[in-house]
Amino acid sequence: MSAVSEIPRSKWRLKPGSWPKTLVSGGLILFVSLLLAFFPGWFAPYDPTAFDYNALLKGPSLEHPFGTDSFGRDVLSRVIHAYTIDMQIAVFATTGPFIFGTLVGAFVGYAGGWTEIVFGRIVDAVLTFPFLVLVIAVVSVLGPGLGNMYVAIGVVGWVFYARIVAAEVKVQKRLDYADAGRVMGYTSTRIVFRHLLPNAITPAIVYWMTDMALAILLGSSLGYLGLGAQPPASEWGVQIADGKNYMTTAWWISVFPGISIVLTGLGFSLAGDGVAELLRIRR
Amino acid sequence: MMPASDNSGLVVRGLTTTFETARGQAIAAADIDFDVAPGEVVGLVGESGSGKSVTLRSVMRLIREPGKVTGRVEWGGRDLVAMSDEELRRVRGSEIAMIFQEPMTALNPVLPVGLQIEENLRAHTGLGRRERRARALELMTIVGIPDAERRLNEYPHQFSGGMRQRAMIAIALACSPKLLLADEPTTALDVTIQDQILKLLLDLRDRLAMSVVLVTHDLGVVAATCDRMAVMYAGRIVETGTVVDVFAQPRHPYTRGLLGSVPRGRAVRTMLSSIDGTPPSLTDLPDGCAFHPRCSFATEQCRRERPPLAPVAAGRLAACFHHERVAAAEAIL
């Protein structure tokens, strides 16, 4: 890089048109999702758990745009209320692993040596099992429910963050500015957290966004299997499970929650790509 | 050689740095002796791979595994090679500081420059936030960064190459070190900026009574800045002396070759002579004098045994059996 004179003063001063399209579209989806998650009551036309025996398994109509399920509950209202739980899963199931994994990764990446060897074997051990199977095993031991599901995902999920951050810290610690820090007599803790980590954390943040999409899928899968959110709570996986016996006669019970999963997952993925692109531009 | 008194300056004795590689042991720096008196500027000169940067990094214990450093590096009566990590941490950055070749990569890209100066003060002083800020501002002004107040909050990518090296120097100077190790500080800069930075270093040396060890491959830089110089070849010092003496009458064929390969402004259209051959691989050094395959003075003795670094004149050391023939030979230019 040379002495370019036209460098934007502010870090975020991008022309409105130059924001990555992926970030704009993903952000829009997430904004709507968050709105629905925080204020489901404003948007849902009915109580999500109210039975209506006069409207069992009714198809989409003006009265019930997404139809009703086998108890006469309004599918639209249940889909909207499910945003609260599913967005919560996206955040809660990933934030813990993100923080813990980043700390472990920073330590392992900087220390190297035998720490790295031990860590490598732990990673191998975790990766040997299919992720879903491992999570299901942990939930089965702890018992079903959202809280235990977070624990189960956390026990496995931190490994991925730690691996990403460790690799990146390993690269950063060999750069001149890390040597400069050592040679200025900074403590190792200070070099890792103040100097290396801010440079190393970008890929972990991008993965975090993508991981939220995966967490929603995982949460729904566990809900479907009866290991995550418990009925009568509205959660997309639970709803899909509710509708599985009616697939040929009342497809709307399962299809609309399914579409919500895809849409929200897409939102997180797009936003993740967008953040990655934005950070690339800033570099 | 200028004698360093017991408790001042840097005394390096028998410093040896080796790396275990797949092709065998590479001796990157072998049996290095040199002294730096207070206020003195010493140049370490040599081509790429001659061990000059490794020597500097070994002094600061910046050699990574699988590198091994032995020998003594005395600073104020204490041995840097043997001291504990915590003791070393206190010396680094406060008494001895270092600047690097690439000011683009030696600054942290995500922290404002002012903050990076303050980091050093935070590590070594008990100054409060405001005092650190004031000192950072003062340092930016000392190293000649204009509009310092505003630039404190800017990031390295908003600085030009020369300004970045100035910022790097400001960080290094934060705690008024007594010794500055400079690893090719001007190599990445263009010539006019190079000149400014060297002048700045000399000026700071005078003002802060600081010693400087300057690693460079540029003989012009040595001539312009150093008091004494040590020429390195294949991991060993082959010649030392004051810059004036060495330039006037090289005593080692390699030094002679180096000097002959530099164009001089005053001479009218003379041929530049180059040193034939290439430097040897550090894992496979020739027997005897490492320079003999490229040397026009070489004899059977040079092929058999390695010449020791021995006194050849007042304040001069050279590692050559034929230093008198070299000195007597007509200058290449």
# chains A, B, ... in the order shown; residues from 1 in each chain; ligands from 1

$ closest_atom_pairs --of "chain A" --to "chain B" --cutoff "6 Å" --atoms "only C-alpha atoms" --output "Markdown table"
| residue | atom | partner | partner_atom | distance |
| --- | --- | --- | --- | --- |
| A:Ala3 | CA | B:Ser160 | CA | 4.3 |
| A:Asp176 | CA | B:Ala106 | CA | 4.5 |
| A:Tyr177 | CA | B:Ala106 | CA | 3.9 |
| A:Val183 | CA | B:Arg92 | CA | 5.4 |
| A:Met184 | CA | B:Gly93 | CA | 3.6 |
| A:Gly185 | CA | B:Arg89 | CA | 4.4 |
| A:Tyr186 | CA | B:Ala123 | CA | 5.8 |

$ select_by_dssp --residues "region 97-326 of chain B" --states "strand (DSSP E)" --output "JSON, numbers by chain"
{"B": [97, 98, 99, 179, 180, 181, 182, 183, 211, 212, 213, 214, 215, 216, 228, 229, 230, 231, 232, 233, 236, 237, 238, 239, 240, 241, 242, 310, 311, 312, 313, 316, 317, 318]}

$ residues_around --residues "Leu317 (chain B)" --least-positions-apart "6" --cutoff "8 Å" --atoms "only C-alpha atoms" --output "VMD selection string"
chain B and resid 1 238 to 241 309 to 311

$ residues_around --residues "region 192-206 of chain A" --least-positions-apart "6" --cutoff "10 Å" --atoms "only C-alpha atoms" --output "ChimeraX atom specification"
/A:98-99,101-103,105-107,109-111,160-173,175,177-178,181,186,269,271-277,279-280 /B:107-111,116,119

$ write_last_selection --atoms "N, CA and C atoms" --output "short mmCIF file (atom, residue, chain, number, x, y, z; two decimals), in the first residue's frame"
data_model
loop_
_atom_site.label_atom_id
_atom_site.label_comp_id
_atom_site.auth_asym_id
_atom_site.auth_seq_id
_atom_site.Cartn_x
_atom_site.Cartn_y
_atom_site.Cartn_z
N PHE A 98 -18.91 -19.33 20.53
CA PHE A 98 -18.09 -18.30 19.88
C PHE A 98 -17.08 -17.72 20.86
N ILE A 99 -17.57 -17.33 22.04
CA ILE A 99 -16.68 -16.71 23.02
C ILE A 99 -15.66 -17.72 23.56
N GLY A 101 -14.77 -20.68 22.36
CA GLY A 101 -13.88 -21.18 21.30
C GLY A 101 -12.82 -20.17 20.92
N THR A 102 -13.20 -18.89 20.88
CA THR A 102 -12.24 -17.85 20.53
C THR A 102 -11.12 -17.77 21.57
N LEU A 103 -11.51 -17.82 22.85
CA LEU A 103 -10.50 -17.76 23.91
C LEU A 103 -9.54 -18.95 23.82
N GLY A 105 -9.00 -20.88 21.24
CA GLY A 105 -8.24 -20.81 20.00
C GLY A 105 -7.09 -19.83 20.10
N ALA A 106 -7.33 -18.68 20.71
CA ALA A 106 -6.28 -17.67 20.86
C ALA A 106 -5.14 -18.23 21.69
N PHE A 107 -5.50 -18.92 22.77
CA PHE A 107 -4.48 -19.50 23.65
C PHE A 107 -3.66 -20.56 22.91
N GLY A 109 -3.40 -21.15 19.67
CA GLY A 109 -2.65 -20.62 18.53
C GLY A 109 -1.38 -19.92 18.96
N TYR A 110 -1.45 -19.21 20.09
CA TYR A 110 -0.27 -18.47 20.53
C TYR A 110 0.74 -19.38 21.21
N ALA A 111 0.24 -20.28 22.05
CA ALA A 111 1.16 -21.13 22.81
C ALA A 111 1.85 -22.14 21.90
N PHE A 160 -15.17 -25.65 16.64
CA PHE A 160 -15.03 -25.08 15.30
C PHE A 160 -14.47 -23.66 15.37
N TYR A 161 -14.96 -22.89 16.36
CA TYR A 161 -14.45 -21.53 16.53
C TYR A 161 -12.99 -21.57 16.94
N ALA A 162 -12.68 -22.46 17.88
CA ALA A 162 -11.30 -22.54 18.38
C ALA A 162 -10.35 -22.88 17.24
N ARG A 163 -10.80 -23.78 16.36
CA ARG A 163 -9.93 -24.18 15.25
C ARG A 163 -9.65 -22.99 14.32
N ILE A 164 -10.72 -22.25 14.01
CA ILE A 164 -10.56 -21.10 13.12
C ILE A 164 -9.62 -20.06 13.74
N VAL A 165 -9.90 -19.71 15.00
CA VAL A 165 -9.11 -18.65 15.65
C VAL A 165 -7.66 -19.10 15.85
N ALA A 166 -7.47 -20.36 16.23
CA ALA A 166 -6.11 -20.86 16.47
C ALA A 166 -5.29 -20.74 15.18
N ALA A 167 -5.89 -21.14 14.07
CA ALA A 167 -5.16 -21.08 12.80
C ALA A 167 -4.78 -19.64 12.48
N GLU A 168 -5.74 -18.73 12.71
CA GLU A 168 -5.50 -17.33 12.36
C GLU A 168 -4.46 -16.69 13.29
N VAL A 169 -4.56 -16.99 14.59
CA VAL A 169 -3.58 -16.44 15.53
C VAL A 169 -2.18 -16.96 15.19
N LYS A 170 -2.13 -18.21 14.76
CA LYS A 170 -0.84 -18.79 14.38
C LYS A 170 -0.20 -18.01 13.24
N VAL A 171 -1.05 -17.57 12.31
CA VAL A 171 -0.53 -16.76 11.21
C VAL A 171 -0.08 -15.40 11.73
N GLN A 172 -0.96 -14.78 12.52
CA GLN A 172 -0.69 -13.41 12.98
C GLN A 172 0.55 -13.33 13.87
N LYS A 173 0.77 -14.35 14.69
CA LYS A 173 1.87 -14.24 15.65
C LYS A 173 3.23 -14.28 14.96
N LEU A 175 3.81 -12.51 12.25
CA LEU A 175 4.00 -11.24 11.54
C LEU A 175 4.87 -10.29 12.37
N TYR A 177 4.49 -7.32 13.43
CA TYR A 177 3.96 -6.50 14.51
C TYR A 177 3.85 -7.28 15.81
N ALA A 178 3.74 -8.62 15.68
CA ALA A 178 3.75 -9.45 16.89
C ALA A 178 5.15 -9.48 17.49
N GLY A 181 5.72 -6.31 19.18
CA GLY A 181 5.11 -6.31 20.50
C GLY A 181 5.98 -7.01 21.53
N TYR A 186 5.90 -6.29 25.79
CA TYR A 186 4.51 -6.47 26.21
C TYR A 186 4.35 -7.89 26.73
N SER A 269 -27.16 -16.47 6.36
CA SER A 269 -26.08 -16.78 5.43
C SER A 269 -25.68 -15.57 4.60
N ALA A 271 -26.23 -12.42 5.32
CA ALA A 271 -25.60 -11.43 6.17
C ALA A 271 -24.15 -11.81 6.46
N GLY A 272 -23.92 -13.11 6.69
CA GLY A 272 -22.55 -13.58 6.94
C GLY A 272 -21.64 -13.29 5.76
N ASP A 273 -22.12 -13.64 4.56
CA ASP A 273 -21.34 -13.35 3.35
C ASP A 273 -21.09 -11.86 3.22
N GLY A 274 -22.16 -11.09 3.52
CA GLY A 274 -22.05 -9.64 3.39
C GLY A 274 -21.01 -9.07 4.34
N VAL A 275 -21.03 -9.54 5.59
CA VAL A 275 -20.05 -9.07 6.56
C VAL A 275 -18.64 -9.42 6.09
N ALA A 276 -18.49 -10.65 5.57
CA ALA A 276 -17.18 -11.07 5.07
C ALA A 276 -16.70 -10.13 3.96
N GLU A 277 -17.63 -9.83 3.06
CA GLU A 277 -17.29 -8.96 1.93
C GLU A 277 -16.92 -7.56 2.41
N LEU A 279 -15.73 -6.69 5.30
CA LEU A 279 -14.44 -6.69 5.97
C LEU A 279 -13.31 -6.80 4.95
N ARG A 280 -13.59 -7.52 3.85
CA ARG A 280 -12.58 -7.60 2.79
C ARG A 280 -12.35 -6.24 2.17
N LEU B 107 3.59 -2.51 12.23
CA LEU B 107 2.56 -1.82 13.02
C LEU B 107 1.29 -2.66 12.97
N ASN B 108 0.56 -2.65 14.07
CA ASN B 108 -0.69 -3.41 14.11
C ASN B 108 -1.75 -2.70 13.26
N PRO B 109 -2.27 -3.37 12.22
CA PRO B 109 -3.18 -2.69 11.30
C PRO B 109 -4.51 -2.23 11.91
N VAL B 110 -4.92 -2.84 13.02
CA VAL B 110 -6.26 -2.50 13.54
C VAL B 110 -6.25 -1.55 14.73
N LEU B 111 -5.09 -1.09 15.15
CA LEU B 111 -5.06 -0.15 16.27
C LEU B 111 -4.56 1.21 15.80
N GLN B 116 -0.86 2.68 19.83
CA GLN B 116 0.27 1.75 19.81
C GLN B 116 1.48 2.34 20.51
N GLU B 119 0.77 1.91 24.14
CA GLU B 119 0.94 0.53 24.60
C GLU B 119 2.30 0.35 25.26
#

$ residues_around --residues "region 70-77 of chain B" --least-positions-apart "4" --cutoff "10 Å" --atoms "only C-alpha atoms" --output "ChimeraX atom specification"
/B:5-18,30-36,58-61,81-82,91,95-96,179

$ residues_around --residues "Val45 (chain B)" --least-positions-apart "6" --cutoff "9 Å" --atoms "only C-alpha atoms" --output "list in words"
Lys52, Leu214, Val215, Thr216, His217, Asp218, Leu219, Val222, Met229, Ala230, Val231, Met232 and Tyr233 of chain B

$ residues_around --residues "Lys199 (chain B)" --least-positions-apart "6" --cutoff "12 Å" --atoms "only C-alpha atoms" --output "list of chain:residue names"
B:Val143, B:Gly144, B:Arg166, B:Thr186, B:Thr192, B:Ile193, B:Arg205, B:Asp206, B:Val221, B:Ala224, B:Thr225, B:Cys226

$ select_by_dssp --residues "region 57-259 of chain A" --states "helix (DSSP H, G or I)" --output "MDAnalysis selection string"
chainID A and resid 75:111 113:128 131:142 146:172 176:183 188:200 202:224 236:246 252:259

$ atom_distance --atom1 "CA of Leu36 (chain A)" --atom2 "CA of Tyr246 (chain A)"
27.0 Å

$ atom_distance --atom1 "CA of Asn153 (chain B)" --atom2 "CA of Leu127 (chain B)"
19.3 Å

$ closest_residue --among "A:Ala93, A:Val155, A:Leu28, A:Ile80" --to "Ile261 (chain A)" --atoms "only C-alpha atoms"
A:Ile80

$ closest_residue --among "A:Ile89, A:Asp179, A:Met212, A:Val118" --to "Val151 (chain A)" --atoms "only C-alpha atoms"
A:Ile89

$ decode --residues "region 104-135 of chain A" --atoms "N, CA and C atoms" --output "PDB file, in the first residue's frame"
ATOM      1  N   VAL A 104     -10.132 -20.149  23.693  1.00  0.00           N
ATOM      2  CA  VAL A 104      -9.289 -21.345  23.604  1.00  0.00           C
ATOM      3  C   VAL A 104      -8.399 -21.270  22.368  1.00  0.00           C
ATOM      4  N   GLY A 105      -9.002 -20.883  21.245  1.00  0.00           N
ATOM      5  CA  GLY A 105      -8.245 -20.806  19.996  1.00  0.00           C
ATOM      6  C   GLY A 105      -7.090 -19.827  20.096  1.00  0.00           C
ATOM      7  N   ALA A 106      -7.334 -18.676  20.713  1.00  0.00           N
ATOM      8  CA  ALA A 106      -6.280 -17.670  20.857  1.00  0.00           C
ATOM      9  C   ALA A 106      -5.142 -18.231  21.691  1.00  0.00           C
ATOM     10  N   PHE A 107      -5.505 -18.916  22.770  1.00  0.00           N
ATOM     11  CA  PHE A 107      -4.478 -19.496  23.646  1.00  0.00           C
ATOM     12  C   PHE A 107      -3.665 -20.564  22.907  1.00  0.00           C
ATOM     13  N   VAL A 108      -4.396 -21.486  22.281  1.00  0.00           N
ATOM     14  CA  VAL A 108      -3.725 -22.592  21.585  1.00  0.00           C
ATOM     15  C   VAL A 108      -2.840 -22.072  20.452  1.00  0.00           C
ATOM     16  N   GLY A 109      -3.397 -21.147  19.669  1.00  0.00           N
ATOM     17  CA  GLY A 109      -2.647 -20.618  18.530  1.00  0.00           C
ATOM     18  C   GLY A 109      -1.381 -19.925  18.960  1.00  0.00           C
ATOM     19  N   TYR A 110      -1.446 -19.214  20.090  1.00  0.00           N
ATOM     20  CA  TYR A 110      -0.267 -18.470  20.527  1.00  0.00           C
ATOM     21  C   TYR A 110       0.742 -19.377  21.206  1.00  0.00           C
ATOM     22  N   ALA A 111       0.242 -20.283  22.049  1.00  0.00           N
ATOM     23  CA  ALA A 111       1.157 -21.132  22.808  1.00  0.00           C
ATOM     24  C   ALA A 111       1.854 -22.136  21.898  1.00  0.00           C
ATOM     25  N   GLY A 112       1.110 -22.724  20.959  1.00  0.00           N
ATOM     26  CA  GLY A 112       1.709 -23.719  20.068  1.00  0.00           C
ATOM     27  C   GLY A 112       2.217 -24.921  20.854  1.00  0.00           C
ATOM     28  N   GLY A 113       3.205 -25.604  20.299  1.00  0.00           N
ATOM     29  CA  GLY A 113       3.856 -26.710  21.010  1.00  0.00           C
ATOM     30  C   GLY A 113       2.897 -27.818  21.396  1.00  0.00           C
ATOM     31  N   TRP A 114       3.058 -28.321  22.621  1.00  0.00           N
ATOM     32  CA  TRP A 114       2.259 -29.492  23.010  1.00  0.00           C
ATOM     33  C   TRP A 114       0.794 -29.122  23.218  1.00  0.00           C
ATOM     34  N   THR A 115       0.501 -27.862  23.585  1.00  0.00           N
ATOM     35  CA  THR A 115      -0.891 -27.424  23.706  1.00  0.00           C
ATOM     36  C   THR A 115      -1.629 -27.670  22.398  1.00  0.00           C
ATOM     37  N   GLU A 116      -0.913 -27.367  21.320  1.00  0.00           N
ATOM     38  CA  GLU A 116      -1.513 -27.493  20.007  1.00  0.00           C
ATOM     39  C   GLU A 116      -1.752 -28.961  19.659  1.00  0.00           C
ATOM     40  N   ILE A 117      -0.837 -29.797  20.071  1.00  0.00           N
ATOM     41  CA  ILE A 117      -0.974 -31.232  19.787  1.00  0.00           C
ATOM     42  C   ILE A 117      -2.190 -31.791  20.529  1.00  0.00           C
ATOM     43  N   VAL A 118      -2.298 -31.454  21.820  1.00  0.00           N
ATOM     44  CA  VAL A 118      -3.437 -31.917  22.615  1.00  0.00           C
ATOM     45  C   VAL A 118      -4.741 -31.402  22.000  1.00  0.00           C
ATOM     46  N   PHE A 119      -4.753 -30.111  21.657  1.00  0.00           N
ATOM     47  CA  PHE A 119      -5.942 -29.517  21.071  1.00  0.00           C
ATOM     48  C   PHE A 119      -6.314 -30.201  19.756  1.00  0.00           C
ATOM     49  N   GLY A 120      -5.302 -30.486  18.967  1.00  0.00           N
ATOM     50  CA  GLY A 120      -5.536 -31.160  17.686  1.00  0.00           C
ATOM     51  C   GLY A 120      -6.236 -32.502  17.876  1.00  0.00           C
ATOM     52  N   ARG A 121      -5.837 -33.257  18.917  1.00  0.00           N
ATOM     53  CA  ARG A 121      -6.466 -34.554  19.166  1.00  0.00           C
ATOM     54  C   ARG A 121      -7.922 -34.369  19.619  1.00  0.00           C
ATOM     55  N   ILE A 122      -8.172 -33.317  20.436  1.00  0.00           N
ATOM     56  CA  ILE A 122      -9.549 -33.065  20.864  1.00  0.00           C
ATOM     57  C   ILE A 122     -10.416 -32.759  19.650  1.00  0.00           C
ATOM     58  N   VAL A 123      -9.892 -31.927  18.770  1.00  0.00           N
ATOM     59  CA  VAL A 123     -10.631 -31.584  17.552  1.00  0.00           C
ATOM     60  C   VAL A 123     -10.930 -32.848  16.746  1.00  0.00           C
ATOM     61  N   ASP A 124      -9.903 -33.659  16.573  1.00  0.00           N
ATOM     62  CA  ASP A 124     -10.097 -34.911  15.822  1.00  0.00           C
ATOM     63  C   ASP A 124     -11.196 -35.752  16.448  1.00  0.00           C
ATOM     64  N   ALA A 125     -11.138 -35.876  17.785  1.00  0.00           N
ATOM     65  CA  ALA A 125     -12.118 -36.708  18.487  1.00  0.00           C
ATOM     66  C   ALA A 125     -13.528 -36.192  18.237  1.00  0.00           C
ATOM     67  N   VAL A 126     -13.705 -34.857  18.314  1.00  0.00           N
ATOM     68  CA  VAL A 126     -15.031 -34.289  18.110  1.00  0.00           C
ATOM     69  C   VAL A 126     -15.476 -34.466  16.665  1.00  0.00           C
ATOM     70  N   LEU A 127     -14.548 -34.269  15.733  1.00  0.00           N
ATOM     71  CA  LEU A 127     -14.914 -34.330  14.318  1.00  0.00           C
ATOM     72  C   LEU A 127     -15.200 -35.757  13.861  1.00  0.00           C
ATOM     73  N   THR A 128     -14.714 -36.727  14.615  1.00  0.00           N
ATOM     74  CA  THR A 128     -14.961 -38.119  14.248  1.00  0.00           C
ATOM     75  C   THR A 128     -16.451 -38.426  14.259  1.00  0.00           C
ATOM     76  N   PHE A 129     -17.174 -37.825  15.218  1.00  0.00           N
ATOM     77  CA  PHE A 129     -18.614 -38.047  15.297  1.00  0.00           C
ATOM     78  C   PHE A 129     -19.343 -37.056  14.405  1.00  0.00           C
ATOM     79  N   PRO A 130     -20.403 -37.515  13.738  1.00  0.00           N
ATOM     80  CA  PRO A 130     -21.237 -36.539  13.042  1.00  0.00           C
ATOM     81  C   PRO A 130     -21.825 -35.583  14.084  1.00  0.00           C
ATOM     82  N   PHE A 131     -21.820 -34.291  13.771  1.00  0.00           N
ATOM     83  CA  PHE A 131     -22.231 -33.244  14.702  1.00  0.00           C
ATOM     84  C   PHE A 131     -23.598 -33.539  15.316  1.00  0.00           C
ATOM     85  N   LEU A 132     -24.589 -33.810  14.436  1.00  0.00           N
ATOM     86  CA  LEU A 132     -25.967 -34.000  14.907  1.00  0.00           C
ATOM     87  C   LEU A 132     -26.056 -35.185  15.865  1.00  0.00           C
ATOM     88  N   VAL A 133     -25.366 -36.261  15.509  1.00  0.00           N
ATOM     89  CA  VAL A 133     -25.411 -37.462  16.343  1.00  0.00           C
ATOM     90  C   VAL A 133     -24.856 -37.170  17.735  1.00  0.00           C
ATOM     91  N   LEU A 134     -23.756 -36.425  17.765  1.00  0.00           N
ATOM     92  CA  LEU A 134     -23.112 -36.090  19.032  1.00  0.00           C
ATOM     93  C   LEU A 134     -24.048 -35.233  19.889  1.00  0.00           C
ATOM     94  N   VAL A 135     -24.679 -34.238  19.245  1.00  0.00           N
ATOM     95  CA  VAL A 135     -25.591 -33.364  19.976  1.00  0.00           C
ATOM     96  C   VAL A 135     -26.773 -34.171  20.507  1.00  0.00           C
TER      97      VAL A 135
END
